[in-house]
file query16.txt (compact mmCIF, C-alpha atoms)
# COMPACT_ATOMS: atom_id res chain seq x y z
CA MET A 1288 -129.55 15.38 23.13
CA ASP A 1289 -127.34 13.54 25.63
CA LYS A 1290 -124.33 15.46 26.87
CA ILE A 1291 -121.00 14.20 28.19
CA LYS A 1292 -120.52 14.66 31.91
CA ARG A 1293 -116.94 15.74 32.50
CA LYS A 1294 -114.95 14.33 35.41
CA GLU A 1295 -114.17 16.99 38.00
CA THR A 1296 -110.48 17.83 38.14
CA ILE A 1297 -108.27 20.43 39.81
CA PRO A 1298 -107.96 23.63 37.74
CA VAL A 1299 -104.43 24.52 36.66
CA LYS A 1300 -103.60 27.89 35.11
CA VAL A 1301 -101.17 27.84 32.20
CA GLY A 1302 -100.64 31.49 31.35
CA ASP A 1303 -104.14 32.77 30.68
CA VAL A 1304 -105.46 29.28 29.82
CA THR A 1305 -107.13 27.02 32.37
CA ILE A 1306 -106.70 23.25 32.17
CA GLY A 1307 -109.21 21.25 34.21
CA GLY A 1308 -111.75 22.49 36.73
CA GLY A 1309 -114.57 22.20 34.20
CA ALA A 1310 -112.88 24.47 31.63
CA PRO A 1311 -113.36 23.54 27.95
CA VAL A 1312 -110.93 20.93 26.61
CA VAL A 1313 -107.71 22.72 25.63
CA ILE A 1314 -106.00 21.94 22.30
CA GLN A 1315 -102.22 21.64 22.18
CA SER A 1316 -99.60 20.94 19.57
CA MET A 1317 -95.81 21.04 19.31
CA THR A 1318 -93.51 22.83 16.90
CA ASN A 1319 -91.20 20.75 14.70
CA THR A 1320 -88.78 23.54 13.74
CA ASN A 1321 -85.33 24.07 15.21
CA ILE A 1322 -86.13 26.39 18.11
CA THR A 1323 -83.00 28.46 17.48
CA ASP A 1324 -84.42 29.39 14.07
CA LEU A 1325 -86.51 32.14 15.62
CA ALA A 1326 -88.21 33.25 12.41
CA ALA A 1327 -89.35 29.76 11.39
CA THR A 1328 -90.43 28.80 14.91
CA SER A 1329 -92.31 32.04 15.48
CA GLU A 1330 -94.06 31.63 12.15
CA GLN A 1331 -95.13 28.09 13.07
CA VAL A 1332 -96.39 29.18 16.50
CA ASN A 1333 -98.46 31.89 14.80
CA ARG A 1334 -99.89 29.41 12.28
CA LEU A 1335 -100.80 26.99 15.06
CA SER A 1336 -102.50 29.77 17.00
CA ALA A 1337 -104.45 30.88 13.92
CA ALA A 1338 -105.59 27.27 13.40
CA GLY A 1339 -107.04 27.14 16.91
CA CYS A 1340 -104.15 25.82 19.01
CA GLU A 1341 -104.36 27.20 22.55
CA LEU A 1342 -101.02 25.99 23.97
CA VAL A 1343 -97.83 25.31 22.01
CA ARG A 1344 -94.97 23.13 23.25
CA LEU A 1345 -91.35 23.54 22.15
CA ALA A 1346 -88.44 21.16 22.61
CA VAL A 1347 -85.63 22.73 24.65
CA PRO A 1348 -82.57 20.45 24.39
CA ASP A 1349 -79.83 22.84 25.53
CA GLN A 1350 -79.03 26.32 26.88
CA GLU A 1351 -79.00 27.93 23.44
CA ALA A 1352 -82.52 26.58 22.94
CA ALA A 1353 -83.56 27.94 26.34
CA GLN A 1354 -82.37 31.41 25.35
CA ALA A 1355 -84.31 31.14 22.09
CA PHE A 1356 -87.38 30.06 24.08
CA ALA A 1357 -87.16 33.30 26.09
CA LYS A 1358 -87.28 35.41 22.92
CA LEU A 1359 -90.18 33.41 21.47
CA ALA A 1360 -92.20 33.60 24.71
CA GLU A 1361 -92.07 37.40 24.64
CA LYS A 1362 -93.98 37.61 21.34
CA SER A 1363 -96.06 34.43 21.29
CA PRO A 1364 -99.85 34.83 20.83
CA VAL A 1365 -100.39 31.76 23.04
CA PRO A 1366 -98.71 30.43 26.20
CA LEU A 1367 -95.61 28.37 25.44
CA ILE A 1368 -94.67 25.10 27.14
CA ALA A 1369 -91.06 23.95 27.43
CA ASP A 1370 -90.35 20.26 26.81
CA ILE A 1371 -87.39 19.19 28.96
CA HIS A 1372 -85.53 15.88 29.06
CA PHE A 1373 -82.35 14.72 30.87
CA ASP A 1374 -81.04 18.12 32.01
CA VAL A 1375 -83.12 19.49 34.88
CA ARG A 1376 -81.12 22.74 34.83
CA LEU A 1377 -82.93 23.67 31.64
CA ALA A 1378 -86.25 23.51 33.48
CA TYR A 1379 -85.03 26.16 35.92
CA LEU A 1380 -83.87 28.35 33.04
CA VAL A 1381 -87.10 28.23 31.03
CA MET A 1382 -89.17 28.98 34.13
CA GLU A 1383 -87.19 32.18 34.50
CA TYR A 1384 -87.50 32.81 30.74
CA GLY A 1385 -91.30 32.85 30.61
CA ALA A 1386 -92.41 29.25 30.22
CA ALA A 1387 -96.13 28.98 30.98
CA LYS A 1388 -95.66 25.30 31.81
CA VAL A 1389 -92.82 22.79 31.84
CA ARG A 1390 -93.22 19.23 30.60
CA ILE A 1391 -90.83 16.72 32.16
CA ASN A 1392 -90.39 12.98 32.33
CA PRO A 1393 -89.34 12.62 35.99
CA GLY A 1394 -87.61 9.34 35.22
CA ASN A 1395 -84.84 11.04 33.25
CA ILE A 1396 -84.09 14.18 35.28
CA GLY A 1397 -82.15 12.64 38.16
CA GLY A 1398 -84.44 11.21 40.82
CA LYS A 1399 -86.88 12.26 43.53
CA GLU A 1400 -84.78 14.89 45.28
CA LYS A 1401 -84.24 16.82 42.04
CA LEU A 1402 -87.98 16.57 41.34
CA LYS A 1403 -88.76 17.99 44.81
CA LYS A 1404 -86.38 20.91 44.36
CA LEU A 1405 -87.83 21.68 40.93
CA ALA A 1406 -91.38 21.61 42.34
CA LEU A 1407 -90.47 24.07 45.10
CA HIS A 1408 -88.96 26.43 42.52
CA ALA A 1409 -91.99 26.04 40.24
CA GLU A 1410 -94.34 26.84 43.11
CA LYS A 1411 -92.39 29.99 43.87
CA LEU A 1412 -92.83 31.13 40.25
CA LYS A 1413 -96.37 29.67 39.93
CA VAL A 1414 -95.35 27.58 36.92
CA PRO A 1415 -97.22 24.29 36.45
CA ILE A 1416 -95.50 21.04 35.57
CA ARG A 1417 -96.74 18.23 33.36
CA ILE A 1418 -95.66 14.84 34.60
CA GLY A 1419 -95.28 12.89 31.37
CA VAL A 1420 -95.16 9.14 31.84
CA ASN A 1421 -94.33 7.28 28.61
CA ALA A 1422 -94.40 3.57 27.87
CA GLY A 1423 -90.92 3.77 26.37
CA SER A 1424 -89.28 5.05 29.55
CA LEU A 1425 -90.95 3.15 32.36
CA GLU A 1426 -88.83 2.21 35.36
CA LYS A 1427 -87.23 -1.25 35.07
CA LYS A 1428 -88.67 -2.37 38.40
CA LEU A 1429 -92.20 -1.60 37.20
CA LEU A 1430 -91.65 -3.41 33.91
CA ALA A 1431 -90.50 -6.45 35.86
CA LYS A 1432 -93.35 -6.21 38.38
CA HIS A 1433 -96.09 -5.88 35.75
CA GLY A 1434 -94.55 -8.09 33.09
CA GLY A 1435 -93.98 -5.28 30.60
CA VAL A 1436 -95.77 -2.11 29.58
CA THR A 1437 -99.27 -2.20 31.05
CA ALA A 1438 -101.84 0.37 32.08
CA ALA A 1439 -101.21 -0.51 35.73
CA ALA A 1440 -97.47 0.05 35.29
CA LEU A 1441 -98.00 3.48 33.72
CA VAL A 1442 -100.35 4.52 36.51
CA GLU A 1443 -98.08 3.23 39.28
CA SER A 1444 -95.22 5.22 37.79
CA ALA A 1445 -97.29 8.41 37.72
CA LEU A 1446 -98.56 7.86 41.28
CA GLY A 1447 -95.00 7.50 42.54
CA TYR A 1448 -93.96 10.84 41.06
CA LEU A 1449 -97.12 12.51 42.30
CA GLU A 1450 -96.42 11.27 45.82
CA THR A 1451 -93.05 12.99 45.65
CA LEU A 1452 -94.64 16.24 44.47
CA GLU A 1453 -97.36 16.05 47.10
CA GLU A 1454 -94.69 15.84 49.81
CA THR A 1455 -93.70 19.38 48.80
CA GLY A 1456 -97.31 20.62 48.63
CA PHE A 1457 -97.03 21.28 44.90
CA ALA A 1458 -100.39 20.88 43.13
CA ARG A 1459 -99.93 22.75 39.82
CA VAL A 1460 -99.77 19.43 38.04
CA VAL A 1461 -101.05 18.02 34.75
CA VAL A 1462 -100.52 14.30 34.09
CA SER A 1463 -100.11 12.29 30.90
CA LEU A 1464 -99.82 8.51 30.54
CA LYS A 1465 -98.97 7.73 26.93
CA ALA A 1466 -98.34 4.57 24.96
CA SER A 1467 -98.38 3.90 21.24
CA ASP A 1468 -100.84 1.08 21.92
CA VAL A 1469 -104.30 2.65 21.88
CA TYR A 1470 -106.04 0.28 24.29
CA THR A 1471 -103.22 0.43 26.85
CA THR A 1472 -103.44 4.22 26.73
CA ILE A 1473 -107.21 4.17 27.24
CA CYS A 1474 -106.97 1.74 30.16
CA ALA A 1475 -104.20 3.77 31.83
CA TYR A 1476 -106.20 7.00 31.79
CA ARG A 1477 -109.33 5.23 33.03
CA LEU A 1478 -107.43 3.71 35.94
CA PHE A 1479 -105.70 6.98 36.81
CA SER A 1480 -108.96 8.95 36.75
CA GLU A 1481 -110.36 6.64 39.41
CA LYS A 1482 -107.46 7.40 41.73
CA LYS A 1483 -106.60 11.09 41.32
CA SER A 1484 -108.25 14.39 40.38
CA TYR A 1485 -105.32 16.07 38.66
CA PRO A 1486 -106.16 17.30 35.15
CA VAL A 1487 -104.95 14.97 32.41
CA HIS A 1488 -103.35 15.56 29.04
CA LEU A 1489 -104.62 12.99 26.53
CA GLY A 1490 -102.72 11.60 23.58
CA VAL A 1491 -101.54 8.46 21.85
CA THR A 1492 -97.79 8.74 21.46
CA GLY A 1493 -96.00 7.63 18.30
CA ALA A 1494 -99.33 7.38 16.48
CA GLY A 1495 -97.69 7.58 13.07
CA PRO A 1496 -98.37 9.43 9.80
CA LEU A 1497 -101.48 11.43 9.02
CA GLN A 1498 -104.16 8.84 8.25
CA PRO A 1499 -103.30 6.04 10.72
CA GLY A 1500 -102.35 8.65 13.31
CA MET A 1501 -105.72 10.35 12.93
CA ILE A 1502 -107.49 7.03 13.46
CA LYS A 1503 -105.46 6.11 16.54
CA GLY A 1504 -105.88 9.58 18.00
CA ALA A 1505 -109.61 9.69 17.31
CA ILE A 1506 -110.15 6.29 18.93
CA GLY A 1507 -107.92 6.82 21.96
CA ILE A 1508 -108.68 10.47 22.70
CA GLY A 1509 -112.30 10.23 21.56
CA ALA A 1510 -113.07 7.20 23.72
CA LEU A 1511 -111.74 8.91 26.83
CA LEU A 1512 -113.38 12.26 26.15
CA SER A 1513 -116.69 10.43 25.60
CA GLU A 1514 -116.34 9.10 29.16
CA GLY A 1515 -115.68 12.56 30.56
CA ILE A 1516 -111.94 11.96 30.97
CA GLY A 1517 -109.50 14.53 29.62
CA ASP A 1518 -108.78 18.22 30.07
CA THR A 1519 -106.27 18.95 27.32
CA ILE A 1520 -105.30 16.99 24.20
CA ARG A 1521 -102.61 16.63 21.59
CA VAL A 1522 -103.17 14.50 18.49
CA SER A 1523 -99.63 13.29 17.77
CA LEU A 1524 -99.03 13.01 14.03
CA THR A 1525 -95.97 12.66 11.81
CA ALA A 1526 -97.25 15.56 9.77
CA ASN A 1527 -97.58 19.34 9.72
CA PRO A 1528 -98.47 20.31 13.32
CA VAL A 1529 -101.40 22.36 12.01
CA GLU A 1530 -102.98 19.02 11.03
CA GLU A 1531 -102.84 18.00 14.70
CA VAL A 1532 -104.93 21.02 15.61
CA ARG A 1533 -107.41 20.43 12.81
CA VAL A 1534 -107.98 16.82 13.86
CA ALA A 1535 -108.21 17.76 17.55
CA ARG A 1536 -110.95 20.25 16.79
CA GLN A 1537 -112.84 17.67 14.76
CA ILE A 1538 -112.68 15.15 17.63
CA ILE A 1539 -113.94 17.71 20.14
CA GLN A 1540 -116.73 18.89 17.85
CA ALA A 1541 -117.80 15.34 16.92
CA LEU A 1542 -118.43 14.68 20.62
CA GLY A 1543 -120.45 17.86 21.02
CA LEU A 1544 -118.01 19.36 23.53
CA LYS A 1545 -117.55 22.56 21.53
CA LYS A 1546 -118.52 24.00 18.15
CA PHE A 1547 -115.77 25.43 15.97
CA PHE A 1548 -117.10 25.39 12.41
CA PRO A 1549 -119.98 24.07 10.31
CA GLU A 1550 -120.40 20.31 10.52
CA LEU A 1551 -120.70 18.72 7.10
CA ILE A 1552 -122.79 15.56 6.82
CA SER A 1553 -123.14 13.70 3.54
CA CYS A 1554 -124.47 10.38 2.33
CA PRO A 1555 -122.25 7.57 1.05
CA THR A 1556 -122.26 7.17 -2.71
CA CYS A 1557 -124.37 4.44 -4.31
CA GLY A 1558 -125.87 3.47 -7.66
CA ARG A 1559 -128.81 5.87 -7.25
CA CYS A 1560 -126.53 8.88 -7.29
CA SER A 1561 -126.76 10.79 -10.58
CA VAL A 1562 -124.13 13.46 -9.84
CA ASP A 1563 -120.47 13.52 -8.88
CA LEU A 1564 -121.24 13.54 -5.16
CA VAL A 1565 -117.60 13.28 -4.10
CA GLY A 1566 -116.79 16.38 -6.16
CA LEU A 1567 -119.87 18.20 -4.88
CA VAL A 1568 -118.99 17.49 -1.25
CA GLY A 1569 -115.45 18.70 -1.91
CA GLU A 1570 -116.76 22.00 -3.26
CA VAL A 1571 -119.03 22.44 -0.25
CA GLU A 1572 -116.09 21.74 2.08
CA LYS A 1573 -114.20 24.62 0.45
CA ILE A 1574 -117.20 26.94 0.81
CA LEU A 1575 -117.69 26.11 4.49
CA GLN A 1576 -114.09 27.05 5.32
CA ASN A 1577 -115.21 30.69 5.02
CA TYR A 1578 -117.84 30.37 7.77
CA ASN A 1579 -117.57 29.91 11.55
CA LEU A 1580 -121.27 29.29 11.99
CA PRO A 1581 -122.19 26.39 14.36
CA LEU A 1582 -124.37 24.72 11.73
CA LYS A 1583 -125.02 21.23 10.44
CA VAL A 1584 -124.86 21.33 6.65
CA ALA A 1585 -125.99 18.30 4.62
CA VAL A 1586 -125.07 17.30 1.08
CA MET A 1587 -127.21 14.47 -0.29
CA GLY A 1588 -126.95 12.69 -3.63
CA CYS A 1589 -130.51 11.62 -4.39
CA ALA A 1590 -134.14 11.80 -3.32
CA VAL A 1591 -133.81 8.79 -0.97
CA ASN A 1592 -131.12 10.48 1.11
CA GLY A 1593 -132.70 13.90 0.81
CA PRO A 1594 -134.40 16.11 3.40
CA GLY A 1595 -135.97 13.18 5.23
CA GLU A 1596 -132.64 11.54 6.00
CA ALA A 1597 -131.07 14.83 7.06
CA LYS A 1598 -133.80 16.39 9.21
CA GLU A 1599 -131.25 17.42 11.82
CA ALA A 1600 -129.41 19.60 9.30
CA ASP A 1601 -129.81 23.37 9.65
CA LEU A 1602 -129.16 23.69 5.95
CA GLY A 1603 -128.79 21.16 3.15
CA ILE A 1604 -128.75 20.51 -0.55
CA SER A 1605 -129.79 17.42 -2.47
CA ALA A 1606 -129.04 16.71 -6.13
CA GLY A 1607 -131.43 14.97 -8.49
CA LYS A 1608 -131.09 14.11 -12.20
CA LYS A 1609 -132.17 17.53 -13.47
CA HIS A 1610 -132.77 19.72 -10.45
CA GLY A 1611 -131.48 20.24 -6.95
CA ILE A 1612 -133.22 21.29 -3.77
CA VAL A 1613 -132.23 23.40 -0.81
CA PHE A 1614 -133.74 22.39 2.53
CA SER A 1615 -133.69 23.26 6.22
CA HIS A 1616 -134.66 20.85 9.03
CA GLY A 1617 -136.32 18.52 6.53
CA ARG A 1618 -138.36 21.25 4.79
CA VAL A 1619 -137.66 22.13 1.14
CA THR A 1620 -137.06 25.87 0.78
CA ARG A 1621 -135.93 26.15 -2.85
CA THR A 1622 -135.72 24.16 -6.08
CA VAL A 1623 -132.92 25.15 -8.44
CA GLY A 1624 -131.08 23.87 -11.48
CA LEU A 1625 -128.09 21.65 -10.75
CA GLY A 1626 -125.73 24.30 -12.08
CA ASN A 1627 -127.05 26.79 -9.51
CA LEU A 1628 -127.02 24.47 -6.49
CA LEU A 1629 -123.74 25.70 -5.00
CA ASP A 1630 -124.66 29.35 -5.56
CA ALA A 1631 -127.97 28.75 -3.79
CA LEU A 1632 -126.11 27.20 -0.85
CA LYS A 1633 -123.78 30.21 -0.65
CA GLU A 1634 -126.76 32.60 -0.64
CA GLU A 1635 -128.36 30.70 2.24
CA LEU A 1636 -125.08 30.70 4.18
CA GLU A 1637 -124.63 34.43 3.66
CA SER A 1638 -128.16 35.02 4.93
CA LEU A 1639 -127.51 32.94 8.05
CA ALA A 1640 -124.17 34.68 8.64
CA LEU A 1641 -125.89 38.07 8.42
CA GLN A 1642 -128.52 36.97 10.92
CA SER A 1643 -125.79 35.74 13.28
CA ASP A 1644 -123.92 39.08 13.04
CA ARG A 1645 -127.11 41.00 13.84
CA LYS A 1646 -127.74 38.85 16.91
CA GLN A 1647 -124.22 39.45 18.17
CA GLU A 1648 -124.54 43.20 17.62
CA GLY A 1649 -127.89 43.20 19.40
call {"tool": "encode", "arguments": {"input": "query16.txt", "output": "structure tokens"}}
result
Amino acid sequence: MDKIKRKETIPVKVGDVTIGGGAPVVIQSMTNTNITDLAATSEQVNRLSAAGCELVRLAVPDQEAAQAFAKLAEKSPVPLIADIHFDVRLAYLVMEYGAAKVRINPGNIGGKEKLKKLALHAEKLKVPIRIGVNAGSLEKKLLAKHGGVTAAALVESALGYLETLEETGFARVVVSLKASDVYTTICAYRLFSEKKSYPVHLGVTGAGPLQPGMIKGAIGIGALLSEGIGDTIRVSLTANPVEEVRVARQIIQALGLKKFFPELISCPTCGRCSVDLVGLVGEVEKILQNYNLPLKVAVMGCAVNGPGEAKEADLGISAGKKHGIVFSHGRVTRTVGLGNLLDALKEELESLALQSDRKQEG
């Protein structure tokens, strides 16, 4: 099986998480609660962590929010990132208050000299900074030079800020170049990766609600990850942030970069299908939520798309008119009545889970 060759980037430590340097792709999300509501925000951070989020970002719009950030950072199960715009003084505060990383848009914090001073302070505290370049806030001179928002304009903006940071010797940097246009985003990251070795944060900004946002994120982030570009990702969705984590894990697993849960493969429905395949697949999805085994599990709706079409599956079921079969790597292991097909699948999963536990104990 072909494997993706990751681009070599500089490792950056964010709390106890490493971004870049060959480390596994890190999943991020952002809370959507009012940060000063400590109970609600803490609960959401915990839910994100439980879903598999490794870094959580919080908006810090004012000093009251910065003080709330300090309290949340003390108890958070994952490193917290502070999102700062317009008021650079807040960046200094959150660094002192336990921010594992600070995300800024250098274009709205007051110019190069303020960026240099912030970098020197960040280096003293060993706090990394994400330079976030967004299509919506590009410098006017670059928009005029490039004729609007282009990949080249995004990259030139990022390179200008990086030059300023490099003058101070600061290298704890993660870079993002985001646009709501998927292809512009892809081109920007490709171009940047040819020029610099800083780790990059991938995402398509303003991607929209759940379904279209998932598609934009999967195309943009997935295309870049498939080329070895990308060290940390956020799937931006106008939805529950936990959905962002779920989709991010699916993108990473689909590319074979990491295994999180069983992979479910199933055939499309057609006129040969004699069972409610959509309902059957839905039941299997529910069952698989209880297992963290790195398996491929197949659900097929007829003899044509049975074991032969799913030889790569570690475990599978196929439904006929009267009976169902259980199979593994193309070999039939059991024949059961249709009413017992799901129970047979559960038994096989339990057996595999027990074997996995014994291996880990051994």
call {"tool": "atom_distance", "arguments": {"input": "query16.txt", "atom1": "atom CA of Met1382 of chain A", "atom2": "atom CA of Ala1355 of chain A"}}
result
13.2 Å
call {"tool": "closest_residue", "arguments": {"input": "query16.txt", "among": "A:Ala1431, A:Leu1497, A:Leu1380, A:Ile1418", "to": "Ser1523 of chain A", "atoms": "only C-alpha atoms"}}
result
A:Leu1497
call {"tool": "closest_residue", "arguments": {"input": "query16.txt", "among": "A:Arg1344, A:Leu1407, A:Lys1646, A:Gly1339", "to": "Val1534 of chain A", "atoms": "all atoms listed in the file"}}
result
A:Gly1339
call {"tool": "atom_distance", "arguments": {"input": "query16.txt", "atom1": "atom CA of Pro1496 of chain A", "atom2": "atom CA of Phe1548 of chain A"}}
result
24.7 Å
call {"tool": "closest_residue", "arguments": {"input": "query16.txt", "among": "A:Met1587, A:Val1312, A:Ala1458, A:Val1532", "to": "Val1332 of chain A", "atoms": "only C-alpha atoms"}}
result
A:Val1532
call {"tool": "residues_around", "arguments": {"input": "query16.txt", "residues": "Pro1366 of chain A", "least_positions_apart": "5", "cutoff": "8 Å", "atoms": "all atoms listed in the file", "output": "mmCIF file with C-alpha atoms, keeping the file's coordinate frame"}}
result
data_model
loop_
_atom_site.group_PDB
_atom_site.id
_atom_site.type_symbol
_atom_site.label_atom_id
_atom_site.label_comp_id
_atom_site.auth_asym_id
_atom_site.auth_seq_id
_atom_site.Cartn_x
_atom_site.Cartn_y
_atom_site.Cartn_z
ATOM 1 C CA VAL A 1301 -101.170 27.840 32.200
ATOM 2 C CA GLY A 1302 -100.640 31.490 31.350
ATOM 3 C CA ASP A 1303 -104.140 32.770 30.680
ATOM 4 C CA VAL A 1304 -105.460 29.280 29.820
ATOM 5 C CA GLU A 1341 -104.360 27.200 22.550
ATOM 6 C CA LEU A 1342 -101.020 25.990 23.970
ATOM 7 C CA VAL A 1343 -97.830 25.310 22.010
ATOM 8 C CA ALA A 1360 -92.200 33.600 24.710
ATOM 9 C CA ALA A 1386 -92.410 29.250 30.220
ATOM 10 C CA ALA A 1387 -96.130 28.980 30.980
#
call {"tool": "atom_distance", "arguments": {"input": "query16.txt", "atom1": "atom CA of Gly1603 of chain A", "atom2": "atom CA of Leu1575 of chain A"}}
result
12.2 Å
call {"tool": "closest_residue", "arguments": {"input": "query16.txt", "among": "A:Thr1471, A:Gln1354, A:Thr1455, A:Asn1333", "to": "Gly1435 of chain A", "atoms": "all atoms listed in the file"}}
result
A:Thr1471
